[in-house]
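**Student:** CSV, C-alpha atoms, saved as entry15.csv, coming up:
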```csv
chain,number,residue,atom,x,y,z
A,1,MET,CA,-15.4,-65.7,-22.2
A,2,LEU,CA,-16.8,-62.2,-22.3
A,3,LEU,CA,-13.9,-61.0,-24.5
A,4,ASP,CA,-16.1,-58.3,-26.0
A,5,PHE,CA,-16.7,-56.9,-22.5
A,6,PHE,CA,-13.0,-56.9,-21.9
A,7,SER,CA,-12.4,-55.1,-25.3
A,8,ALA,CA,-15.2,-52.6,-24.5
A,9,LEU,CA,-13.6,-51.7,-21.2
A,10,ARG,CA,-10.1,-51.2,-22.8
A,11,GLY,CA,-11.7,-49.3,-25.7
A,12,ASN,CA,-13.3,-46.9,-23.2
A,13,GLY,CA,-10.0,-46.1,-21.5
A,14,VAL,CA,-10.4,-48.5,-18.5
A,15,PRO,CA,-6.9,-50.0,-17.9
A,16,VAL,CA,-7.9,-53.6,-17.5
A,17,SER,CA,-4.9,-56.0,-17.5
A,18,ILE,CA,-4.8,-59.6,-18.6
A,19,ARG,CA,-3.9,-60.6,-15.0
A,20,GLU,CA,-7.1,-58.9,-13.7
A,21,TRP,CA,-9.1,-60.6,-16.4
A,22,LEU,CA,-7.8,-64.0,-15.4
A,23,ASP,CA,-8.6,-63.3,-11.8
A,24,LEU,CA,-12.2,-62.6,-12.8
A,25,HIS,CA,-12.3,-65.9,-14.8
A,26,GLY,CA,-11.0,-67.7,-11.7
A,27,ALA,CA,-13.7,-66.1,-9.5
A,28,LEU,CA,-16.4,-67.2,-12.0
A,29,GLU,CA,-15.1,-70.7,-12.1
A,30,ARG,CA,-15.5,-70.9,-8.4
A,31,ASN,CA,-19.1,-69.7,-8.8
A,32,LEU,CA,-18.6,-66.5,-6.7
A,33,ALA,CA,-21.3,-64.7,-8.7
A,34,GLU,CA,-23.7,-67.7,-8.6
A,35,MET,CA,-25.7,-66.8,-11.7
A,36,ASP,CA,-26.5,-63.4,-10.2
A,37,MET,CA,-25.9,-60.3,-12.4
A,38,ASP,CA,-25.9,-58.0,-9.4
A,39,ALA,CA,-23.2,-60.2,-7.8
A,40,PHE,CA,-21.3,-60.3,-11.1
A,41,TYR,CA,-21.4,-56.5,-11.4
A,42,PHE,CA,-19.8,-56.0,-8.0
A,43,LEU,CA,-17.4,-58.9,-8.4
A,44,SER,CA,-16.1,-57.7,-11.8
A,45,ARG,CA,-15.8,-54.1,-10.6
A,46,ALA,CA,-13.9,-55.2,-7.5
A,47,LEU,CA,-11.4,-57.3,-9.6
A,48,LEU,CA,-11.1,-55.1,-12.7
A,49,ILE,CA,-11.1,-51.5,-11.3
A,50,LYS,CA,-8.2,-50.4,-9.3
A,51,ASP,CA,-8.7,-46.7,-9.4
A,52,GLU,CA,-11.9,-44.9,-8.3
A,53,ARG,CA,-11.7,-42.5,-11.3
A,54,HIS,CA,-12.7,-45.4,-13.6
A,55,PHE,CA,-15.9,-46.3,-11.6
A,56,ASP,CA,-18.1,-44.2,-13.8
A,57,THR,CA,-16.7,-45.4,-17.1
A,58,PHE,CA,-17.0,-49.0,-15.9
A,59,ASP,CA,-20.7,-48.4,-15.0
A,60,ARG,CA,-21.4,-47.0,-18.5
A,61,THR,CA,-19.5,-49.7,-20.3
A,62,PHE,CA,-21.2,-52.4,-18.2
A,63,SER,CA,-24.6,-50.9,-18.9
A,64,ALA,CA,-23.9,-50.6,-22.7
A,65,TYR,CA,-22.6,-54.2,-22.9
A,66,PHE,CA,-25.6,-55.7,-21.3
A,67,SER,CA,-27.9,-53.4,-23.2
A,68,GLY,CA,-30.2,-56.3,-24.1
A,69,LEU,CA,-31.4,-56.4,-20.6
A,70,GLN,CA,-31.9,-52.7,-20.6
A,71,ALA,CA,-34.0,-52.9,-23.8
A,72,VAL,CA,-36.2,-55.5,-22.1
A,73,ALA,CA,-36.6,-53.3,-19.1
A,74,ASP,CA,-37.6,-50.4,-21.3
A,75,ALA,CA,-40.1,-52.5,-23.2
A,76,LEU,CA,-41.8,-53.3,-19.9
A,77,GLU,CA,-42.9,-49.7,-19.5
A,78,GLY,CA,-46.6,-49.9,-20.1
A,79,ALA,CA,-46.4,-53.3,-21.8
A,80,ILE,CA,-47.4,-55.4,-18.7
A,81,PRO,CA,-50.7,-54.4,-17.0
A,82,ASP,CA,-50.4,-53.6,-13.3
A,83,ASP,CA,-52.9,-56.3,-12.3
A,84,TRP,CA,-50.6,-59.0,-13.7
A,85,LEU,CA,-48.1,-58.0,-11.0
A,86,ARG,CA,-50.5,-57.5,-8.1
A,87,LYS,CA,-49.4,-59.7,-5.2
A,88,THR,CA,-51.9,-62.2,-3.9
A,89,PHE,CA,-49.7,-64.7,-2.0
A,90,GLU,CA,-46.1,-65.4,-1.2
A,91,ARG,CA,-45.1,-68.9,-2.2
A,92,SER,CA,-42.7,-70.8,0.1
A,93,LEU,CA,-40.5,-73.4,-1.5
A,94,SER,CA,-38.5,-76.1,0.3
A,95,ALA,CA,-34.7,-76.4,-0.3
A,96,GLU,CA,-35.4,-79.6,-2.4
A,97,GLU,CA,-37.9,-77.8,-4.6
A,98,ARG,CA,-35.6,-75.0,-5.2
A,99,ALA,CA,-32.8,-77.4,-6.1
A,100,GLN,CA,-35.0,-79.0,-8.8
A,101,LEU,CA,-35.5,-75.7,-10.7
A,102,GLN,CA,-33.2,-75.2,-13.7
A,103,GLY,CA,-32.0,-72.0,-15.3
A,104,LEU,CA,-32.8,-71.2,-19.0
A,105,GLY,CA,-29.1,-71.4,-20.1
A,106,GLY,CA,-27.8,-67.9,-20.0
A,107,LEU,CA,-28.6,-64.3,-20.6
A,108,ASP,CA,-29.4,-64.5,-24.4
A,109,LYS,CA,-31.8,-67.4,-23.9
A,110,LEU,CA,-33.4,-65.7,-20.9
A,111,ILE,CA,-34.1,-62.5,-22.9
A,112,GLU,CA,-35.5,-64.5,-25.9
A,113,ALA,CA,-37.8,-66.6,-23.6
A,114,PHE,CA,-39.1,-63.4,-21.9
A,115,ARG,CA,-40.0,-61.8,-25.3
A,116,GLN,CA,-41.8,-64.9,-26.4
A,117,ARG,CA,-43.9,-65.1,-23.2
A,118,LEU,CA,-44.6,-61.4,-23.3
A,119,GLU,CA,-46.1,-61.9,-26.8
A,120,GLU,CA,-48.1,-65.0,-25.8
A,121,GLN,CA,-49.4,-64.1,-22.4
A,122,LYS,CA,-53.0,-62.7,-22.4
A,123,GLY,CA,-53.8,-62.3,-18.8
A,124,ARG,CA,-52.6,-62.2,-15.2
A,125,HIS,CA,-50.9,-65.2,-13.6
A,126,ALA,CA,-49.9,-65.9,-10.0
A,127,GLY,CA,-48.1,-68.9,-8.5
A,128,GLY,CA,-47.2,-70.5,-11.8
A,129,ASN,CA,-44.0,-71.7,-13.3
A,130,LYS,CA,-44.1,-70.2,-16.8
A,131,TRP,CA,-45.9,-66.9,-17.2
A,132,ILE,CA,-45.0,-63.4,-16.0
A,133,GLY,CA,-46.6,-62.8,-12.6
A,134,THR,CA,-46.2,-62.9,-8.9
A,135,GLY,CA,-45.2,-65.8,-6.6
A,136,GLY,CA,-44.5,-69.2,-8.1
A,137,THR,CA,-41.3,-70.4,-9.9
A,138,SER,CA,-41.5,-68.6,-13.2
A,139,PRO,CA,-38.2,-66.9,-14.2
A,140,PHE,CA,-40.2,-63.7,-14.9
A,141,GLY,CA,-42.0,-61.6,-12.4
A,142,SER,CA,-41.6,-60.9,-8.7
A,143,GLY,CA,-42.4,-62.3,-5.3
A,144,GLY,CA,-41.4,-65.9,-6.3
A,145,TYR,CA,-38.2,-67.9,-6.8
A,146,HIS,CA,-36.2,-68.9,-9.7
A,147,PRO,CA,-32.4,-69.5,-9.9
A,148,GLU,CA,-32.1,-67.3,-13.0
A,149,GLY,CA,-34.6,-64.6,-14.0
A,150,ILE,CA,-35.7,-61.1,-14.7
A,151,ARG,CA,-37.5,-59.3,-11.9
A,152,VAL,CA,-40.6,-57.4,-13.1
A,153,GLY,CA,-42.4,-55.3,-10.5
A,154,ASP,CA,-41.6,-55.3,-6.8
A,155,ALA,CA,-44.0,-57.7,-5.1
A,156,GLY,CA,-42.5,-59.6,-2.2
A,157,GLU,CA,-39.1,-60.2,-0.8
A,158,ARG,CA,-36.2,-60.2,-3.2
A,159,LYS,CA,-34.4,-63.4,-3.4
A,160,GLY,CA,-31.2,-62.0,-5.0
A,161,LYS,CA,-31.5,-64.1,-8.2
A,162,ALA,CA,-32.8,-61.5,-10.7
A,163,VAL,CA,-30.4,-60.7,-13.5
A,164,LYS,CA,-31.5,-57.0,-13.9
A,165,VAL,CA,-30.9,-55.3,-10.6
A,166,TRP,CA,-28.0,-53.0,-11.4
A,167,ASP,CA,-30.0,-50.5,-13.4
A,168,GLN,CA,-29.2,-47.5,-11.2
A,169,ARG,CA,-25.6,-46.2,-11.2
A,170,GLN,CA,-24.5,-45.5,-7.7
A,171,TYR,CA,-21.4,-43.4,-8.2
A,172,ARG,CA,-20.9,-39.7,-8.8
A,173,ASP,CA,-18.7,-39.0,-11.8
A,174,LEU,CA,-15.0,-38.8,-10.8
A,175,ASP,CA,-13.9,-36.3,-13.4
A,176,ASP,CA,-10.2,-35.6,-13.3
A,177,GLN,CA,-11.0,-31.9,-14.0
A,178,VAL,CA,-13.0,-31.2,-10.9
A,179,GLU,CA,-11.5,-29.5,-7.9
A,180,LEU,CA,-9.7,-31.7,-5.4
A,181,GLY,CA,-11.1,-33.0,-2.2
A,182,THR,CA,-9.0,-34.2,0.8
A,183,ARG,CA,-9.5,-37.9,-0.1
A,184,ASN,CA,-8.6,-37.4,-3.8
A,185,ILE,CA,-5.5,-35.3,-2.8
A,186,LYS,CA,-4.4,-38.1,-0.5
A,187,LEU,CA,-4.8,-40.7,-3.3
A,188,ALA,CA,-2.7,-38.5,-5.6
A,189,LEU,CA,0.0,-37.7,-3.0
A,190,ARG,CA,0.5,-41.4,-2.3
A,191,ARG,CA,2.2,-41.7,-5.7
A,192,LEU,CA,4.9,-39.5,-4.4
A,193,ARG,CA,5.8,-41.7,-1.5
A,194,LYS,CA,9.1,-43.5,-1.4
A,195,PHE,CA,9.8,-46.1,1.3
A,196,ALA,CA,13.1,-47.2,2.8
A,197,ARG,CA,14.1,-48.9,6.0
A,198,GLN,CA,15.5,-46.4,8.4
A,199,GLY,CA,16.3,-46.2,12.1
A,200,ALA,CA,16.9,-48.8,14.8
A,201,ALA,CA,16.4,-52.5,14.0
A,202,GLU,CA,13.2,-53.0,16.0
A,203,GLU,CA,10.8,-54.6,13.5
A,204,LEU,CA,10.6,-58.5,13.2
A,205,ASP,CA,12.1,-59.7,10.0
A,206,LEU,CA,10.1,-62.9,9.5
A,207,GLY,CA,11.9,-64.1,6.4
A,208,GLY,CA,15.3,-63.5,8.0
A,209,THR,CA,14.2,-65.2,11.2
A,210,ILE,CA,13.1,-68.3,9.3
A,211,GLU,CA,16.3,-68.4,7.2
A,212,SER,CA,18.6,-67.9,10.3
A,213,THR,CA,16.6,-70.5,12.3
A,214,ALA,CA,16.9,-73.1,9.5
A,215,ARG,CA,20.6,-72.3,9.1
A,216,ASP,CA,21.1,-72.9,12.9
A,217,GLY,CA,19.6,-76.3,12.8
A,218,GLY,CA,16.1,-75.3,14.1
A,219,LEU,CA,17.4,-73.2,17.0
A,220,LEU,CA,15.3,-70.1,17.1
A,221,ASN,CA,17.3,-67.1,15.9
A,222,ILE,CA,15.2,-63.9,15.8
A,223,GLN,CA,16.2,-61.3,13.3
A,224,LEU,CA,15.1,-57.6,13.5
A,225,ARG,CA,15.2,-54.9,10.8
A,226,PRO,CA,14.6,-51.1,10.7
A,227,GLU,CA,11.1,-50.0,10.2
A,228,ARG,CA,9.9,-49.1,6.7
A,229,ARG,CA,9.3,-45.4,6.5
A,230,ASN,CA,8.3,-42.9,3.9
A,231,THR,CA,11.5,-41.0,3.1
A,232,ILE,CA,10.0,-38.2,1.0
A,233,LYS,CA,10.5,-34.7,2.4
A,234,LEU,CA,7.9,-32.1,1.5
A,235,LEU,CA,8.0,-28.3,1.8
A,236,LEU,CA,4.6,-26.6,1.2
A,237,LEU,CA,4.7,-22.8,0.5
A,238,LEU,CA,1.2,-21.2,0.6
A,239,ASP,CA,0.1,-17.9,-0.8
A,240,ILE,CA,-2.3,-16.4,1.8
A,241,GLY,CA,-4.7,-13.4,1.8
A,242,GLY,CA,-6.0,-11.2,-0.9
A,243,SER,CA,-7.3,-13.1,-4.0
A,244,MET,CA,-6.4,-16.4,-2.3
A,245,ASP,CA,-9.2,-15.9,0.2
A,246,ALA,CA,-11.6,-17.4,-2.3
A,247,HIS,CA,-9.5,-20.6,-2.3
A,248,VAL,CA,-9.1,-21.2,1.4
A,249,ARG,CA,-11.1,-24.4,1.5
A,250,ILE,CA,-9.1,-26.2,-1.2
A,251,CYS,CA,-5.9,-25.0,0.4
A,252,GLU,CA,-7.0,-26.4,3.7
A,253,GLU,CA,-7.8,-29.7,2.1
A,254,LEU,CA,-4.3,-29.9,0.5
A,255,PHE,CA,-2.6,-28.8,3.7
A,256,SER,CA,-4.5,-31.5,5.7
A,257,ALA,CA,-3.7,-34.2,3.1
A,258,CYS,CA,0.0,-33.4,3.1
A,259,ARG,CA,0.3,-33.4,6.8
A,260,SER,CA,-1.3,-36.8,7.1
A,261,GLU,CA,0.7,-38.4,4.2
A,262,PHE,CA,4.2,-37.2,4.9
A,263,LYS,CA,6.2,-37.5,8.1
A,264,HIS,CA,8.9,-35.1,6.9
A,265,PHE,CA,6.6,-32.1,6.2
A,266,GLU,CA,7.0,-28.4,6.7
A,267,HIS,CA,4.9,-25.4,5.6
A,268,PHE,CA,5.3,-21.7,5.4
A,269,TYR,CA,3.2,-18.8,4.2
A,270,PHE,CA,3.9,-15.8,1.8
A,271,HIS,CA,1.7,-13.2,0.2
A,272,ASN,CA,1.6,-13.0,-3.6
A,273,CYS,CA,5.3,-13.6,-4.1
A,274,PRO,CA,8.0,-14.9,-1.7
A,275,TYR,CA,10.5,-12.2,-0.6
A,276,GLU,CA,13.2,-12.2,2.1
A,277,THR,CA,10.8,-13.4,4.9
A,278,LEU,CA,8.3,-16.3,5.2
A,279,TRP,CA,6.2,-17.2,8.2
A,280,LYS,CA,4.4,-20.1,9.9
A,281,HIS,CA,1.8,-18.2,11.9
A,282,ASN,CA,-0.2,-15.5,10.1
A,283,LEU,CA,-1.1,-13.6,13.3
A,284,ARG,CA,2.6,-13.4,14.2
A,285,ARG,CA,4.0,-13.0,10.8
A,286,HIS,CA,5.7,-9.6,11.5
A,287,SER,CA,7.3,-10.8,14.8
A,288,GLU,CA,8.1,-14.4,14.1
A,289,GLY,CA,9.0,-14.7,10.5
A,290,ILE,CA,11.8,-16.8,9.1
A,291,SER,CA,14.4,-15.5,6.8
A,292,THR,CA,14.2,-17.0,3.4
A,293,PHE,CA,18.0,-17.4,3.5
A,294,ASP,CA,17.6,-19.4,6.7
A,295,LEU,CA,15.0,-21.6,5.0
A,296,LEU,CA,17.4,-22.3,2.1
A,297,HIS,CA,20.2,-23.2,4.6
A,298,THR,CA,17.9,-25.3,6.9
A,299,TYR,CA,16.1,-27.5,4.3
A,300,GLY,CA,18.3,-29.4,2.0
A,301,SER,CA,17.9,-29.7,-1.8
A,302,ASP,CA,16.4,-33.2,-1.2
A,303,TYR,CA,13.1,-31.5,-0.1
A,304,LYS,CA,10.4,-31.4,-2.7
A,305,VAL,CA,8.7,-28.0,-2.8
A,306,VAL,CA,5.1,-27.2,-3.7
A,307,PHE,CA,4.0,-23.6,-4.1
A,308,VAL,CA,0.3,-23.0,-3.9
A,309,GLY,CA,-1.0,-19.7,-5.2
A,310,ASP,CA,-2.9,-18.0,-8.0
A,311,ALA,CA,0.1,-16.0,-9.2
A,312,ALA,CA,-2.2,-13.0,-9.6
A,313,MET,CA,-0.6,-9.8,-8.7
A,314,ALA,CA,0.8,-6.6,-10.2
A,315,PRO,CA,3.8,-7.4,-12.4
A,316,TYR,CA,6.0,-5.0,-10.4
A,317,GLU,CA,5.6,-7.1,-7.3
A,318,ILE,CA,7.7,-9.7,-9.1
A,319,THR,CA,10.1,-7.5,-11.2
A,320,GLN,CA,10.9,-4.5,-8.9
A,321,ALA,CA,12.6,-3.9,-5.6
A,322,GLY,CA,10.0,-2.3,-3.3
A,323,GLY,CA,7.2,-3.9,-5.3
A,324,SER,CA,5.7,-5.7,-2.3
A,325,VAL,CA,2.3,-4.3,-1.2
A,326,GLU,CA,3.1,-4.8,2.5
A,327,HIS,CA,6.7,-3.7,3.0
A,328,TRP,CA,9.8,-2.5,1.3
A,329,ASN,CA,11.6,-5.4,-0.3
A,330,GLU,CA,15.2,-4.7,-1.2
A,331,GLU,CA,15.3,-7.4,-3.8
A,332,ALA,CA,12.7,-8.2,-6.4
A,333,GLY,CA,10.4,-11.2,-6.0
A,334,ALA,CA,11.9,-12.7,-9.1
A,335,VAL,CA,15.3,-12.8,-7.4
A,336,TRP,CA,13.9,-14.9,-4.6
A,337,LEU,CA,12.0,-17.2,-6.9
A,338,LYS,CA,15.1,-17.9,-8.8
A,339,ARG,CA,17.0,-18.7,-5.6
A,340,LEU,CA,14.4,-21.1,-4.5
A,341,ALA,CA,14.1,-22.8,-7.9
A,342,ALA,CA,17.9,-23.1,-8.0
A,343,HIS,CA,18.2,-24.7,-4.6
A,344,PHE,CA,15.2,-27.0,-4.8
A,345,SER,CA,15.4,-28.8,-8.1
A,346,LYS,CA,12.1,-30.6,-7.4
A,347,LEU,CA,9.7,-27.7,-7.4
A,348,ILE,CA,6.2,-27.2,-8.7
A,349,TRP,CA,3.5,-24.5,-8.4
A,350,LEU,CA,-0.2,-25.4,-8.0
A,351,ASN,CA,-2.7,-22.8,-9.2
A,352,PRO,CA,-6.3,-22.9,-8.1
A,353,TYR,CA,-7.5,-21.2,-11.3
A,354,PRO,CA,-8.1,-23.2,-14.5
A,355,THR,CA,-5.4,-23.3,-17.1
A,356,ASP,CA,-7.3,-21.3,-19.7
A,357,ALA,CA,-7.5,-18.3,-17.3
A,358,TRP,CA,-3.7,-18.0,-16.9
A,359,GLN,CA,-3.2,-16.3,-20.2
A,360,TYR,CA,-5.0,-13.2,-18.9
A,361,SER,CA,-2.4,-12.5,-16.2
A,362,THR,CA,1.0,-11.0,-16.9
A,363,SER,CA,2.2,-12.0,-13.5
A,364,ASN,CA,1.2,-15.6,-14.1
A,365,ALA,CA,3.4,-15.7,-17.2
A,366,LEU,CA,6.3,-14.2,-15.3
A,367,VAL,CA,6.0,-16.8,-12.5
A,368,ARG,CA,5.8,-19.7,-14.9
A,369,GLU,CA,8.9,-18.5,-16.7
A,370,LEU,CA,10.8,-18.2,-13.4
A,371,ILE,CA,9.9,-21.7,-12.3
A,372,GLN,CA,10.5,-23.2,-15.8
A,373,GLU,CA,6.9,-23.8,-16.7
A,374,ARG,CA,6.3,-26.1,-13.7
A,375,MET,CA,2.9,-24.7,-12.9
A,376,PHE,CA,-0.1,-27.1,-12.7
A,377,PRO,CA,-3.9,-26.5,-12.1
A,378,MET,CA,-5.4,-27.7,-8.8
A,379,THR,CA,-7.4,-30.5,-10.4
A,380,LEU,CA,-6.9,-34.2,-10.0
A,381,ALA,CA,-5.2,-34.4,-13.3
A,382,GLY,CA,-3.1,-31.3,-12.6
A,383,LEU,CA,-1.9,-32.7,-9.2
A,384,GLU,CA,-1.0,-36.0,-10.8
A,385,ASP,CA,1.0,-34.2,-13.5
A,386,GLY,CA,2.7,-32.3,-10.7
A,387,ILE,CA,3.5,-35.4,-8.7
A,388,ARG,CA,5.0,-37.0,-11.8
A,389,CYS,CA,7.2,-33.9,-12.3
A,390,LEU,CA,8.4,-34.1,-8.7
A,391,GLY,CA,9.1,-37.8,-9.0
A,392,ARG,CA,11.4,-37.4,-12.1
```
If you convert what's in this file into structure tokens, what do you get?
**Tutor:**
Amino acid sequence: MLLDFFSALRGNGVPVSIREWLDLHGALERNLAEMDMDAFYFLSRALLIKDERHFDTFDRTFSAYFSGLQAVADALEGAIPDDWLRKTFERSLSAEERAQLQGLGGLDKLIEAFRQRLEEQKGRHAGGNKWIGTGGTSPFGSGGYHPEGIRVGDAGERKGKAVKVWDQRQYRDLDDQVELGTRNIKLALRRLRKFARQGAAEELDLGGTIESTARDGGLLNIQLRPERRNTIKLLLLLDIGGSMDAHVRICEELFSACRSEFKHFEHFYFHNCPYETLWKHNLRRHSEGISTFDLLHTYGSDYKVVFVGDAAMAPYEITQAGGSVEHWNEEAGAVWLKRLAAHFSKLIWLNPYPTDAWQYSTSNALVRELIQERMFPMTLAGLEDGIRCLGR
């Protein structure tokens, strides 16, 4: 059933599994869509699509697969006089009368019957059971009732039985090359989470309680277990000021998403390139900085590190002692980057500029070499690639 639709989804890159397809069949067997294409659209999307990025592709595939209905809708433009659809009365049917009405036997037969009646009909009809019009029990028109039909015009209350009601796509494209938003960042970061049971045994272990109670002959034996926690530790190092002022918004969104997703989370700032000192508060950076050596000794190698910066600076800021634009650094920025990369094996760099712009910056090439090419653009695809790199 609908195998061509399944193949079309897979062919357009929507990862629909056989399990999800069987779930859709099970829902249809239970009449959850009830001969309503609008309901079928929402039902199939809910069961088949597990990632918001595929909403737009699903909509386009759905529309193309049921293009026969779209062709009929296009043919209606100017083909049916307005006075045919002018509402004159609203017909009320009893539950028994509605139960006696029969569908035409599916989408293909419905379209064919509509085309035939469009060719045969010569005038306006209202309240009938065959022609295109208003009221009545015809499967074509509006303001009436039929268990399976095509709505034409907009006269009267909608009964939710028309096949063609999903003609407007309701979702903005979720392109994996667009800049990130807080919600998209959270969805991507969740792939980095790793759960384990830690701490005191204070959460009810229902399975263990049932097993222990059964083993003790029905005498209640409550079992507790440690709470399940996200064990990932994340260290966020943010380039601040200068050319990064243009990217404050996206950095704030990333910072907010990381703080909400990870319990073990720390952040520090640097400018252009990390040197011997980092800081947590920009207004007090000169008085309350933290030694980079202290950071290496405080945070273990099990932390995953995410640098955020455009890597746009003068090359000597990386390669030379005294290259910093704010102070005299006794050791070059490259030395500190190497130390950080050596201590934290799980380290990536997120760059707010698109990949094709990196080639115009010598400093960008230097940073990429120092971190073993683990730089990714700040797009949805880039963040997911970075998350995979951290998870290896």
**Student:** Taking only C-alpha atoms into account, name the residue in A:Tyr299, A:Phe307, A:Phe55, A:Phe265 that is nearest to A:Cys251.
**Tutor:**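 Among the listed residues, A:Phe307 lies closest to A:Cys251.
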**Student:** Rounded to one decimal, what separation in Å do you get between atom CA of A:Val306 and atom CA of A:Asn364?
**Tutor:**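 Going from atom CA of A:Val306 over to atom CA of A:Asn364, I get 16.1 Å.
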**Student:** What's around A:Ile185 at 9 Å? Count all atoms listed in the file, leave out sequence neighbours fewer than 6 positions away in its own chain, and write the answer as a PDB file with C-alpha atoms, in the frame of the given file.
**Tutor:**
```pdb
ATOM      1  CA  GLU A 253      -7.800 -29.700   2.100  1.00  0.00           C
ATOM      2  CA  LEU A 254      -4.300 -29.900   0.500  1.00  0.00           C
ATOM      3  CA  ALA A 257      -3.700 -34.200   3.100  1.00  0.00           C
ATOM      4  CA  CYS A 258       0.000 -33.400   3.100  1.00  0.00           C
ATOM      5  CA  LEU A 380      -6.900 -34.200 -10.000  1.00  0.00           C
ATOM      6  CA  LEU A 383      -1.900 -32.700  -9.200  1.00  0.00           C
TER       7      LEU A 383
END
```
**Student:** Using all atoms listed in the file, can you tell me which of A:Val16, A:Glu384, A:Asn351, A:Phe262 comes closest to A:Ile250?
**Tutor:**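 Closest candidate: A:Asn351.
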**Student:** Figure out the distance between atom CA of A:Glu331 and atom CA of A:Gly309, please, to one decimal in Å.
**Tutor:**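 Separating atom CA of A:Gly309 from atom CA of A:Glu331 is a distance of 20.5 Å.
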